[in-house]
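Novice: I have a structure I would like to understand better, so I am pasting it below and will then ask my questions one at a time.
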Amino acid sequence: MRLALRLARKAYGETSPNPMVGAVLVTKGKVVGRGWHHRAGQPHAEIEALRDAERRGNPTKGATIYVTLEPCCTHGRTPPCTEAIIRAGVRRVVVAATDPNPKHVGLGFELLRKAGIEVVSGVLAEEATRLNEAFNHWIVHRTPFVTVKAAMTLDGKIATESGESKWITGEASRAHSMTLRQGADAILVGVNTILADDPSLTVRLVTKAKPLRRIILDSRARTPLTAMVVTDESAALTSIVVGPGAAKRRVAALAKRVRVIEAPLAGGRIDLPWLLKKLGEEHVTSLLVEGGGEVNGSFIDQRLGHRVAFFYAPKILGGNRSTPGVGGRGATTRAELLPLRDVEWRKFGVDLFLGARCGGDLLE
């Protein structure tokens, strides 16, 4: 099963809106076939493993297949894997995680057992569930799994009073930031980040075949027509989210170059729950929020973040007017503090990285 999980991870960032899945076919203690789901619309991991065994001339009858997620039992873009497993004469199916899709959770197990196949589930279930935490959330709630990311000084600042913010953390941290972007369907920032830094918001240093969408919160349509996200070769991947009161002339000019989404306002700002629902309907399963501070604070205040990814550089900026990594209203009492769990500390060069869940279980 650990081999199957390693195979599944080979498709990191490429399978959405499908999960990452790996499969290993074993006969008499020997691996006779292996495979993983490469991309949505392509064969599932079980099919890849069965085909791999066939190419190698290895029999599948009587084999055991280890798969990281319950085999599908419905017709989608590809035929059901349960049918292929039954036809191949597989004797035993060992599964890590149950399919979280409410429409057919457990049905794959039921069909396999009716066909006389032994089914074992729950092997390394926690690791398999963590692997697909974004998919698991989206398939149940139909809104993206949100990671709030920030690169800060040790005192939690992301920019000076004048707005200077680039390269607070080192190269190793920036490389891991690109890995986070690689795994996301979309990245979201506020217009102040565009005005201050003119970022490209693309994936660099790592390979990502699946395009990364760019979402800009800009209630008054202030994004310059010269901004990188409007003029570069990836402009078709940019969505600028404006409010109903945005200047029509500005909106029309932006709409000639990028996609413009008009969203309702809540408290004078873009209605984030409305936007998340819309993005979920468009099959955005994972959203990386890279602020700045007020946008990060809005997601934290409204409890819309599911994970934090905070990088800390060994530097102190100080100052009452410098920009914090998390702004917004903030907690006013101890009871309002946001608890973090499953905390992971890592070191990237001289920087520290904190990855943690924002409360709740893996399917929230």
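Quick note on naming: the chains in the structure tokens go A, B, ... in the order shown, residues restart at 1 in each chain, and ligands are numbered from 1 in order of appearance.
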Give me the residues within 9 Å of A:Asp342 as a PDB file with C-alpha atoms, in the first residue's frame, counting only C-alpha atoms and dropping any in the same chain fewer than 4 places off.
Specialist:
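New file out_16.pdb:
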```
ATOM      1  CA  GLY A 355       1.774  23.653   7.965  1.00  0.00           C
ATOM      2  CA  ALA A 356      -1.384  22.900   9.949  1.00  0.00           C
ATOM      3  CA  ARG A 357      -5.098  22.185   9.728  1.00  0.00           C
ATOM      4  CA  CYS A 358      -7.549  24.849  10.860  1.00  0.00           C
ATOM      5  CA  GLY A 359      -9.618  22.584  13.092  1.00  0.00           C
TER       6      GLY A 359
END
```
Novice: Find the residues near A:Val241: any atom within 12 Å, counting only C-alpha atoms, skip ones fewer than 4 places away on the same chain, and give them as a ChimeraX atom specification.
Specialist: /A:188-191,214-223,245-246,251,254-255,258-265,269-272,274-276,278-279
Novice: Taking into account only C-alpha atoms, which residue in the set A:Ala253, A:Met1, A:Ile168, A:Ala23 is nearest to A:Met152?
Specialist: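 Nearest candidate to A:Met152 out of A:Ala253, A:Met1, A:Ile168, A:Ala23: A:Ile168.
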Novice: Closest to A:Gly280 among A:Asn132, A:Ser16, A:Thr333, A:Thr231, using only C-alpha atoms?
Specialist: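 That would be A:Ser16, the residue with the smallest distance to A:Gly280.
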Novice: Please return as a PyMOL selection string: the residues of stretch 175-281 of chain A that backbone DSSP assigns to helix (DSSP H, G or I).
Specialist: chain A and resi 175-183+191-197+228-231+235-237+248-255+272-281
Novice: Excluding stretch 42-59 of chain A and residues on its chain fewer than 2 positions from it, collect all residues at most 8 Å away from it, counting only C-alpha atoms, and give them as a PyMOL selection string.
Specialist: chain A and resi 21-25+32-40+61+63+65+67+71+78+81+84-85+88
Novice: With distances taken over only C-alpha atoms, which of A:Glu171, A:Ala235, A:Val93, A:Asn192 is nearest to A:Leu205?
Specialist: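 Smallest separation from A:Leu205 among the options: A:Glu171.
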Novice: Any idea what the distance is between atom CA of A:Pro211 and atom CA of A:Leu288?
Specialist: 13.8 Å
Novice: Sorted by chain and rising residue number, which residues of stretch 142-179 of chain A lie within 8 Å of stretch 316-320 of chain A, and what are their closest atom pairs and distances in Å to one decimal, counting only C-alpha atoms, as CSV?
Specialist:
```
residue,atom,partner,partner_atom,distance
A:Thr153,CA,A:Ile316,CA,5.6
A:Leu154,CA,A:Ile316,CA,5.7
A:Asp155,CA,A:Ile316,CA,5.8
A:Lys157,CA,A:Leu317,CA,6.6
A:Thr160,CA,A:Leu317,CA,7.3
A:Glu161,CA,A:Gly319,CA,7.9
```
Novice: Write a file of the just-selected residues containing all heavy atoms, as a short mmCIF file (atom, residue, chain, number, x, y, z; two decimals), in the first residue's frame.
Specialist:
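Dumped to result-v1.cif:
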```cif
data_model
loop_
_atom_site.label_atom_id
_atom_site.label_comp_id
_atom_site.auth_asym_id
_atom_site.auth_seq_id
_atom_site.Cartn_x
_atom_site.Cartn_y
_atom_site.Cartn_z
N THR A 153 8.14 37.78 8.24
CA THR A 153 9.25 37.90 9.17
C THR A 153 8.87 37.16 10.45
O THR A 153 7.73 36.73 10.62
CB THR A 153 9.53 39.38 9.48
OG1 THR A 153 8.33 39.97 10.00
CG2 THR A 153 9.97 40.13 8.24
N LEU A 154 9.82 37.04 11.36
CA LEU A 154 9.56 36.30 12.59
C LEU A 154 8.46 36.96 13.44
O LEU A 154 7.77 36.28 14.20
CB LEU A 154 10.84 36.19 13.41
CG LEU A 154 10.88 35.09 14.47
CD1 LEU A 154 10.64 33.72 13.86
CD2 LEU A 154 12.22 35.11 15.21
N ASP A 155 8.28 38.27 13.27
CA ASP A 155 7.22 38.96 14.00
C ASP A 155 5.93 39.06 13.18
O ASP A 155 5.05 39.88 13.48
CB ASP A 155 7.67 40.34 14.48
CG ASP A 155 8.23 41.21 13.37
OD1 ASP A 155 8.67 40.66 12.34
OD2 ASP A 155 8.25 42.44 13.53
N LYS A 157 5.25 39.86 9.89
CA LYS A 157 5.03 40.95 8.94
C LYS A 157 5.35 40.49 7.51
O LYS A 157 6.28 39.72 7.28
CB LYS A 157 5.92 42.15 9.29
CG LYS A 157 5.77 42.64 10.72
CD LYS A 157 4.42 43.28 10.96
CE LYS A 157 4.37 43.92 12.34
NZ LYS A 157 3.12 44.67 12.57
N THR A 160 6.77 46.24 4.51
CA THR A 160 7.10 47.45 5.25
C THR A 160 5.96 48.46 5.14
O THR A 160 4.99 48.26 4.38
CB THR A 160 8.38 48.09 4.68
OG1 THR A 160 8.12 48.52 3.34
CG2 THR A 160 9.53 47.11 4.69
N GLU A 161 6.07 49.54 5.88
CA GLU A 161 5.05 50.58 5.81
C GLU A 161 4.88 51.13 4.40
O GLU A 161 3.79 51.48 3.97
CB GLU A 161 5.41 51.73 6.77
CG GLU A 161 4.41 52.85 6.80
CD GLU A 161 4.82 53.96 7.75
OE1 GLU A 161 5.78 53.76 8.53
OE2 GLU A 161 4.18 55.03 7.72
#
```
Novice: Pull the strand (DSSP E or B) assignments for stretch 96-333 of chain A out of DSSP run on the backbone, and list those residues as an mmCIF file with N, CA, C and O atoms, in the first residue's frame.
Specialist:
```cif
data_model
loop_
_atom_site.group_PDB
_atom_site.id
_atom_site.type_symbol
_atom_site.label_atom_id
_atom_site.label_comp_id
_atom_site.auth_asym_id
_atom_site.auth_seq_id
_atom_site.Cartn_x
_atom_site.Cartn_y
_atom_site.Cartn_z
ATOM 1 N N ALA A 96 -7.156 1.471 0.806
ATOM 2 C CA ALA A 96 -6.792 2.384 1.894
ATOM 3 C C ALA A 96 -8.008 3.180 2.358
ATOM 4 O O ALA A 96 -8.486 3.000 3.470
ATOM 5 N N ALA A 97 -8.542 4.048 1.497
ATOM 6 C CA ALA A 97 -9.618 4.958 1.899
ATOM 7 C C ALA A 97 -10.914 4.662 1.157
ATOM 8 O O ALA A 97 -10.904 4.280 -0.015
ATOM 9 N N GLU A 118 -12.836 -10.935 -2.104
ATOM 10 C CA GLU A 118 -12.556 -10.513 -0.744
ATOM 11 C C GLU A 118 -12.131 -9.040 -0.751
ATOM 12 O O GLU A 118 -11.298 -8.635 -1.573
ATOM 13 N N VAL A 119 -12.687 -8.258 0.157
ATOM 14 C CA VAL A 119 -12.382 -6.833 0.238
ATOM 15 C C VAL A 119 -11.881 -6.505 1.642
ATOM 16 O O VAL A 119 -12.523 -6.847 2.640
ATOM 17 N N VAL A 120 -10.732 -5.874 1.710
ATOM 18 C CA VAL A 120 -10.166 -5.377 2.964
ATOM 19 C C VAL A 120 -9.999 -3.868 2.818
ATOM 20 O O VAL A 120 -9.423 -3.401 1.831
ATOM 21 N N SER A 121 -10.496 -3.101 3.768
ATOM 22 C CA SER A 121 -10.392 -1.636 3.664
ATOM 23 C C SER A 121 -9.774 -1.052 4.928
ATOM 24 O O SER A 121 -9.725 -1.699 5.970
ATOM 25 N N PHE A 145 -11.124 23.416 -1.285
ATOM 26 C CA PHE A 145 -10.324 23.295 -0.065
ATOM 27 C C PHE A 145 -9.353 24.471 -0.080
ATOM 28 O O PHE A 145 -8.595 24.657 -1.037
ATOM 29 N N VAL A 146 -9.354 25.273 0.975
ATOM 30 C CA VAL A 146 -8.624 26.545 0.982
ATOM 31 C C VAL A 146 -7.384 26.454 1.864
ATOM 32 O O VAL A 146 -7.477 26.114 3.049
ATOM 33 N N THR A 147 -6.233 26.781 1.285
ATOM 34 C CA THR A 147 -4.987 26.907 2.033
ATOM 35 C C THR A 147 -4.581 28.376 2.054
ATOM 36 O O THR A 147 -4.470 29.012 1.002
ATOM 37 N N VAL A 148 -4.401 28.932 3.249
ATOM 38 C CA VAL A 148 -3.963 30.322 3.396
ATOM 39 C C VAL A 148 -2.452 30.317 3.581
ATOM 40 O O VAL A 148 -1.928 29.725 4.528
ATOM 41 N N LYS A 149 -1.755 30.980 2.653
ATOM 42 C CA LYS A 149 -0.287 30.942 2.644
ATOM 43 C C LYS A 149 0.280 32.354 2.818
ATOM 44 O O LYS A 149 -0.263 33.332 2.284
ATOM 45 N N ALA A 150 1.357 32.467 3.593
ATOM 46 C CA ALA A 150 2.027 33.753 3.765
ATOM 47 C C ALA A 150 3.508 33.524 4.038
ATOM 48 O O ALA A 150 3.887 32.522 4.653
ATOM 49 N N ALA A 151 4.338 34.443 3.564
ATOM 50 C CA ALA A 151 5.776 34.443 3.849
ATOM 51 C C ALA A 151 6.062 35.667 4.702
ATOM 52 O O ALA A 151 5.856 36.802 4.249
ATOM 53 N N MET A 152 6.510 35.456 5.928
ATOM 54 C CA MET A 152 6.559 36.534 6.918
ATOM 55 C C MET A 152 7.916 36.622 7.605
ATOM 56 O O MET A 152 8.698 35.676 7.594
ATOM 57 N N THR A 153 8.142 37.776 8.239
ATOM 58 C CA THR A 153 9.249 37.903 9.170
ATOM 59 C C THR A 153 8.870 37.160 10.454
ATOM 60 O O THR A 153 7.727 36.733 10.624
ATOM 61 N N LYS A 157 5.252 39.861 9.892
ATOM 62 C CA LYS A 157 5.030 40.951 8.941
ATOM 63 C C LYS A 157 5.346 40.494 7.513
ATOM 64 O O LYS A 157 6.284 39.725 7.283
ATOM 65 N N ILE A 158 4.547 41.007 6.551
ATOM 66 C CA ILE A 158 4.780 40.638 5.150
ATOM 67 C C ILE A 158 5.216 41.823 4.294
ATOM 68 O O ILE A 158 5.611 41.643 3.148
ATOM 69 N N ALA A 159 5.162 43.031 4.834
ATOM 70 C CA ALA A 159 5.570 44.202 4.056
ATOM 71 C C ALA A 159 5.888 45.367 4.977
ATOM 72 O O ALA A 159 5.344 45.486 6.081
ATOM 73 N N ALA A 186 -6.155 26.798 -8.276
ATOM 74 C CA ALA A 186 -6.220 28.252 -8.461
ATOM 75 C C ALA A 186 -5.495 28.949 -7.320
ATOM 76 O O ALA A 186 -5.370 28.410 -6.215
ATOM 77 N N ILE A 187 -5.026 30.160 -7.613
ATOM 78 C CA ILE A 187 -4.365 31.000 -6.616
ATOM 79 C C ILE A 187 -5.156 32.296 -6.524
ATOM 80 O O ILE A 187 -5.652 32.816 -7.533
ATOM 81 N N LEU A 188 -5.306 32.828 -5.305
ATOM 82 C CA LEU A 188 -6.133 34.023 -5.093
ATOM 83 C C LEU A 188 -5.335 35.069 -4.323
ATOM 84 O O LEU A 188 -4.677 34.747 -3.324
ATOM 85 N N VAL A 189 -5.416 36.324 -4.807
ATOM 86 C CA VAL A 189 -4.812 37.456 -4.099
ATOM 87 C C VAL A 189 -5.782 38.633 -4.165
ATOM 88 O O VAL A 189 -6.747 38.626 -4.935
ATOM 89 N N GLY A 190 -5.499 39.652 -3.363
ATOM 90 C CA GLY A 190 -6.268 40.882 -3.427
ATOM 91 C C GLY A 190 -5.626 41.877 -4.379
ATOM 92 O O GLY A 190 -4.445 41.769 -4.719
ATOM 93 N N ARG A 213 -5.254 28.599 -12.385
ATOM 94 C CA ARG A 213 -6.108 29.777 -12.507
ATOM 95 C C ARG A 213 -5.654 30.854 -11.526
ATOM 96 O O ARG A 213 -5.143 30.556 -10.450
ATOM 97 N N ARG A 214 -5.871 32.116 -11.891
ATOM 98 C CA ARG A 214 -5.487 33.249 -11.049
ATOM 99 C C ARG A 214 -6.746 34.063 -10.744
ATOM 100 O O ARG A 214 -7.426 34.524 -11.666
ATOM 101 N N ILE A 215 -7.047 34.212 -9.461
ATOM 102 C CA ILE A 215 -8.247 34.916 -9.026
ATOM 103 C C ILE A 215 -7.827 36.195 -8.300
ATOM 104 O O ILE A 215 -7.053 36.145 -7.339
ATOM 105 N N ILE A 216 -8.336 37.345 -8.750
ATOM 106 C CA ILE A 216 -7.998 38.634 -8.142
ATOM 107 C C ILE A 216 -9.253 39.242 -7.529
ATOM 108 O O ILE A 216 -10.243 39.469 -8.234
ATOM 109 N N LEU A 217 -9.231 39.495 -6.216
ATOM 110 C CA LEU A 217 -10.342 40.180 -5.571
ATOM 111 C C LEU A 217 -10.164 41.680 -5.777
ATOM 112 O O LEU A 217 -9.197 42.271 -5.298
ATOM 113 N N THR A 238 -6.809 34.263 -15.953
ATOM 114 C CA THR A 238 -7.069 35.260 -14.916
ATOM 115 C C THR A 238 -8.553 35.569 -14.803
ATOM 116 O O THR A 238 -9.224 35.800 -15.814
ATOM 117 N N SER A 239 -9.058 35.567 -13.572
ATOM 118 C CA SER A 239 -10.427 36.014 -13.295
ATOM 119 C C SER A 239 -10.344 37.156 -12.296
ATOM 120 O O SER A 239 -9.763 36.999 -11.217
ATOM 121 N N ILE A 240 -10.904 38.290 -12.652
ATOM 122 C CA ILE A 240 -10.943 39.438 -11.749
ATOM 123 C C ILE A 240 -12.361 39.547 -11.197
ATOM 124 O O ILE A 240 -13.327 39.648 -11.960
ATOM 125 N N VAL A 241 -12.459 39.486 -9.879
ATOM 126 C CA VAL A 241 -13.769 39.476 -9.220
ATOM 127 C C VAL A 241 -14.088 40.891 -8.764
ATOM 128 O O VAL A 241 -13.394 41.455 -7.903
ATOM 129 N N VAL A 242 -15.117 41.479 -9.362
ATOM 130 C CA VAL A 242 -15.492 42.857 -9.068
ATOM 131 C C VAL A 242 -16.841 42.886 -8.358
ATOM 132 O O VAL A 242 -17.600 41.922 -8.376
ATOM 133 N N ARG A 259 -11.118 37.314 -17.825
ATOM 134 C CA ARG A 259 -12.488 37.038 -17.398
ATOM 135 C C ARG A 259 -12.828 37.930 -16.201
ATOM 136 O O ARG A 259 -12.018 38.083 -15.291
ATOM 137 N N VAL A 260 -14.005 38.510 -16.224
ATOM 138 C CA VAL A 260 -14.469 39.329 -15.111
ATOM 139 C C VAL A 260 -15.702 38.667 -14.500
ATOM 140 O O VAL A 260 -16.639 38.297 -15.214
ATOM 141 N N ILE A 261 -15.675 38.493 -13.190
ATOM 142 C CA ILE A 261 -16.809 37.916 -12.458
ATOM 143 C C ILE A 261 -17.386 38.998 -11.559
ATOM 144 O O ILE A 261 -16.673 39.584 -10.751
ATOM 145 N N GLU A 262 -18.677 39.283 -11.708
ATOM 146 C CA GLU A 262 -19.328 40.234 -10.805
ATOM 147 C C GLU A 262 -19.907 39.465 -9.631
ATOM 148 O O GLU A 262 -20.729 38.559 -9.803
ATOM 149 N N LEU A 265 -21.519 41.813 -2.682
ATOM 150 C CA LEU A 265 -20.674 42.273 -1.585
ATOM 151 C C LEU A 265 -21.286 41.864 -0.243
ATOM 152 O O LEU A 265 -22.501 41.710 -0.124
ATOM 153 N N ALA A 266 -20.418 41.702 0.725
ATOM 154 C CA ALA A 266 -20.848 41.448 2.101
ATOM 155 C C ALA A 266 -19.975 42.317 2.995
ATOM 156 O O ALA A 266 -18.757 42.157 3.014
ATOM 157 N N ARG A 269 -17.210 44.200 1.045
ATOM 158 C CA ARG A 269 -16.172 43.436 0.357
ATOM 159 C C ARG A 269 -16.787 42.264 -0.401
ATOM 160 O O ARG A 269 -17.945 41.911 -0.189
ATOM 161 N N ILE A 270 -15.992 41.678 -1.289
ATOM 162 C CA ILE A 270 -16.476 40.535 -2.057
ATOM 163 C C ILE A 270 -17.007 39.463 -1.114
ATOM 164 O O ILE A 270 -16.368 39.116 -0.118
ATOM 165 N N SER A 286 -9.126 22.966 -5.158
ATOM 166 C CA SER A 286 -8.140 23.463 -4.194
ATOM 167 C C SER A 286 -7.762 24.898 -4.537
ATOM 168 O O SER A 286 -7.431 25.204 -5.679
ATOM 169 N N LEU A 287 -7.813 25.762 -3.534
ATOM 170 C CA LEU A 287 -7.543 27.185 -3.719
ATOM 171 C C LEU A 287 -6.428 27.599 -2.777
ATOM 172 O O LEU A 287 -6.501 27.378 -1.568
ATOM 173 N N LEU A 288 -5.390 28.221 -3.342
ATOM 174 C CA LEU A 288 -4.269 28.723 -2.546
ATOM 175 C C LEU A 288 -4.423 30.230 -2.407
ATOM 176 O O LEU A 288 -4.339 30.971 -3.390
ATOM 177 N N VAL A 289 -4.664 30.691 -1.194
ATOM 178 C CA VAL A 289 -4.838 32.122 -0.918
ATOM 179 C C VAL A 289 -3.494 32.698 -0.498
ATOM 180 O O VAL A 289 -2.914 32.279 0.502
ATOM 181 N N ARG A 307 -6.471 25.028 5.809
ATOM 182 C CA ARG A 307 -5.074 24.755 6.138
ATOM 183 C C ARG A 307 -4.300 26.074 6.053
ATOM 184 O O ARG A 307 -4.645 26.961 5.258
ATOM 185 N N VAL A 308 -3.282 26.205 6.894
ATOM 186 C CA VAL A 308 -2.372 27.342 6.778
ATOM 187 C C VAL A 308 -1.008 26.829 6.343
ATOM 188 O O VAL A 308 -0.595 25.723 6.706
ATOM 189 N N ALA A 309 -0.316 27.645 5.558
ATOM 190 C CA ALA A 309 1.052 27.363 5.133
ATOM 191 C C ALA A 309 1.842 28.651 5.340
ATOM 192 O O ALA A 309 1.824 29.546 4.494
ATOM 193 N N PHE A 310 2.490 28.758 6.492
ATOM 194 C CA PHE A 310 3.175 29.990 6.883
ATOM 195 C C PHE A 310 4.690 29.766 6.889
ATOM 196 O O PHE A 310 5.188 28.833 7.523
ATOM 197 N N PHE A 311 5.392 30.634 6.163
ATOM 198 C CA PHE A 311 6.853 30.628 6.135
ATOM 199 C C PHE A 311 7.358 31.776 7.005
ATOM 200 O O PHE A 311 6.874 32.905 6.901
ATOM 201 N N TYR A 312 8.355 31.487 7.861
ATOM 202 C CA TYR A 312 8.911 32.508 8.746
ATOM 203 C C TYR A 312 10.410 32.656 8.485
ATOM 204 O O TYR A 312 11.164 31.689 8.595
ATOM 205 N N ALA A 313 10.826 33.875 8.153
ATOM 206 C CA ALA A 313 12.249 34.167 7.964
ATOM 207 C C ALA A 313 12.833 34.686 9.270
ATOM 208 O O ALA A 313 12.142 35.356 10.044
ATOM 209 N N THR A 323 2.837 45.787 7.501
ATOM 210 C CA THR A 323 1.678 44.954 7.175
ATOM 211 C C THR A 323 1.795 43.564 7.784
ATOM 212 O O THR A 323 2.778 42.857 7.528
ATOM 213 N N PRO A 324 0.803 43.140 8.565
ATOM 214 C CA PRO A 324 0.846 41.785 9.127
ATOM 215 C C PRO A 324 0.447 40.746 8.091
ATOM 216 O O PRO A 324 -0.284 41.037 7.145
#
```
Novice: Smallest atom-to-atom distance to A:Pro79: which of A:Gly268, A:Ala196, A:Gly41, A:Arg257, using only C-alpha atoms?
Specialist: A:Gly41
Novice: Env of A:Cys72: 9 Å cut, atoms = only C-alpha atoms, seq-sep filter 2 positions within chain, self excluded. Answer as a PyMOL selection string.
Specialist: chain A and resi 44+69-70+74-75+79-82+99+104+107-108
Novice: Output the selection as a short mmCIF file (atom, residue, chain, number, x, y, z; two decimals), in the first residue's frame - C-alpha atoms for each residue.
Specialist:
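Output saved as part_0.cif:
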```
data_model
loop_
_atom_site.label_atom_id
_atom_site.label_comp_id
_atom_site.auth_asym_id
_atom_site.auth_seq_id
_atom_site.Cartn_x
_atom_site.Cartn_y
_atom_site.Cartn_z
CA HIS A 44 -7.84 5.04 -13.46
CA LEU A 69 -9.10 4.61 -2.91
CA GLU A 70 -12.27 2.54 -3.19
CA THR A 74 -20.21 4.14 -11.96
CA HIS A 75 -19.80 5.21 -15.59
CA PRO A 79 -15.86 2.76 -17.36
CA PRO A 80 -16.23 1.43 -13.79
CA CYS A 81 -13.05 -0.06 -12.31
CA THR A 82 -15.10 -2.64 -10.41
CA ASP A 99 -14.69 6.91 -1.59
CA HIS A 104 -21.66 6.06 -4.16
CA LEU A 107 -20.98 0.81 -3.39
CA GLY A 108 -17.71 -0.32 -4.98
#
```
Novice: Between A:Glu344, A:Asp185, A:Ala134, A:His176, single out the one closest to A:Ala209, counting only C-alpha atoms.
Specialist: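 Closest residue, counting only C-alpha atoms: A:Asp185.
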Novice: Take atom CA of A:Pro144 and atom CA of A:Pro224 and report the distance between them in Å, one decimal.
Specialist: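 Between atom CA of A:Pro144 and atom CA of A:Pro224 the gap is 27.6 Å.
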Novice: Skip A:Asp197 itself and residues of its chain fewer than 2 positions away, then list as a ChimeraX atom specification all residues within 8 Å of it, counting only C-alpha atoms.
Specialist: /A:165-166,193-195,199
Novice: Can I get the selected residues back with N, CA and C atoms, as a compact mmCIF listing (two decimals), in the first residue's frame?
Specialist:
```txt
# COMPACT_ATOMS: atom_id res chain seq x y z
N SER A 165 7.80 44.29 -0.13
CA SER A 165 7.47 42.97 0.42
C SER A 165 8.22 41.81 -0.22
N LYS A 166 8.93 42.03 -1.31
CA LYS A 166 9.51 40.90 -2.05
C LYS A 166 10.69 40.27 -1.31
N THR A 193 -2.19 43.50 -3.62
CA THR A 193 -0.98 42.76 -3.97
C THR A 193 -0.59 43.04 -5.42
N ILE A 194 -1.58 43.13 -6.30
CA ILE A 194 -1.31 43.45 -7.71
C ILE A 194 -0.73 44.86 -7.83
N LEU A 195 -1.32 45.81 -7.12
CA LEU A 195 -0.86 47.20 -7.20
C LEU A 195 0.54 47.37 -6.61
N PRO A 199 2.69 40.89 -9.42
CA PRO A 199 3.20 39.52 -9.54
C PRO A 199 2.64 38.80 -10.75
```
Novice: Provide the atom CA of A:Asp198 to atom CA of A:Met228 distance in Å, to one decimal place.
Specialist: 6.1 Å
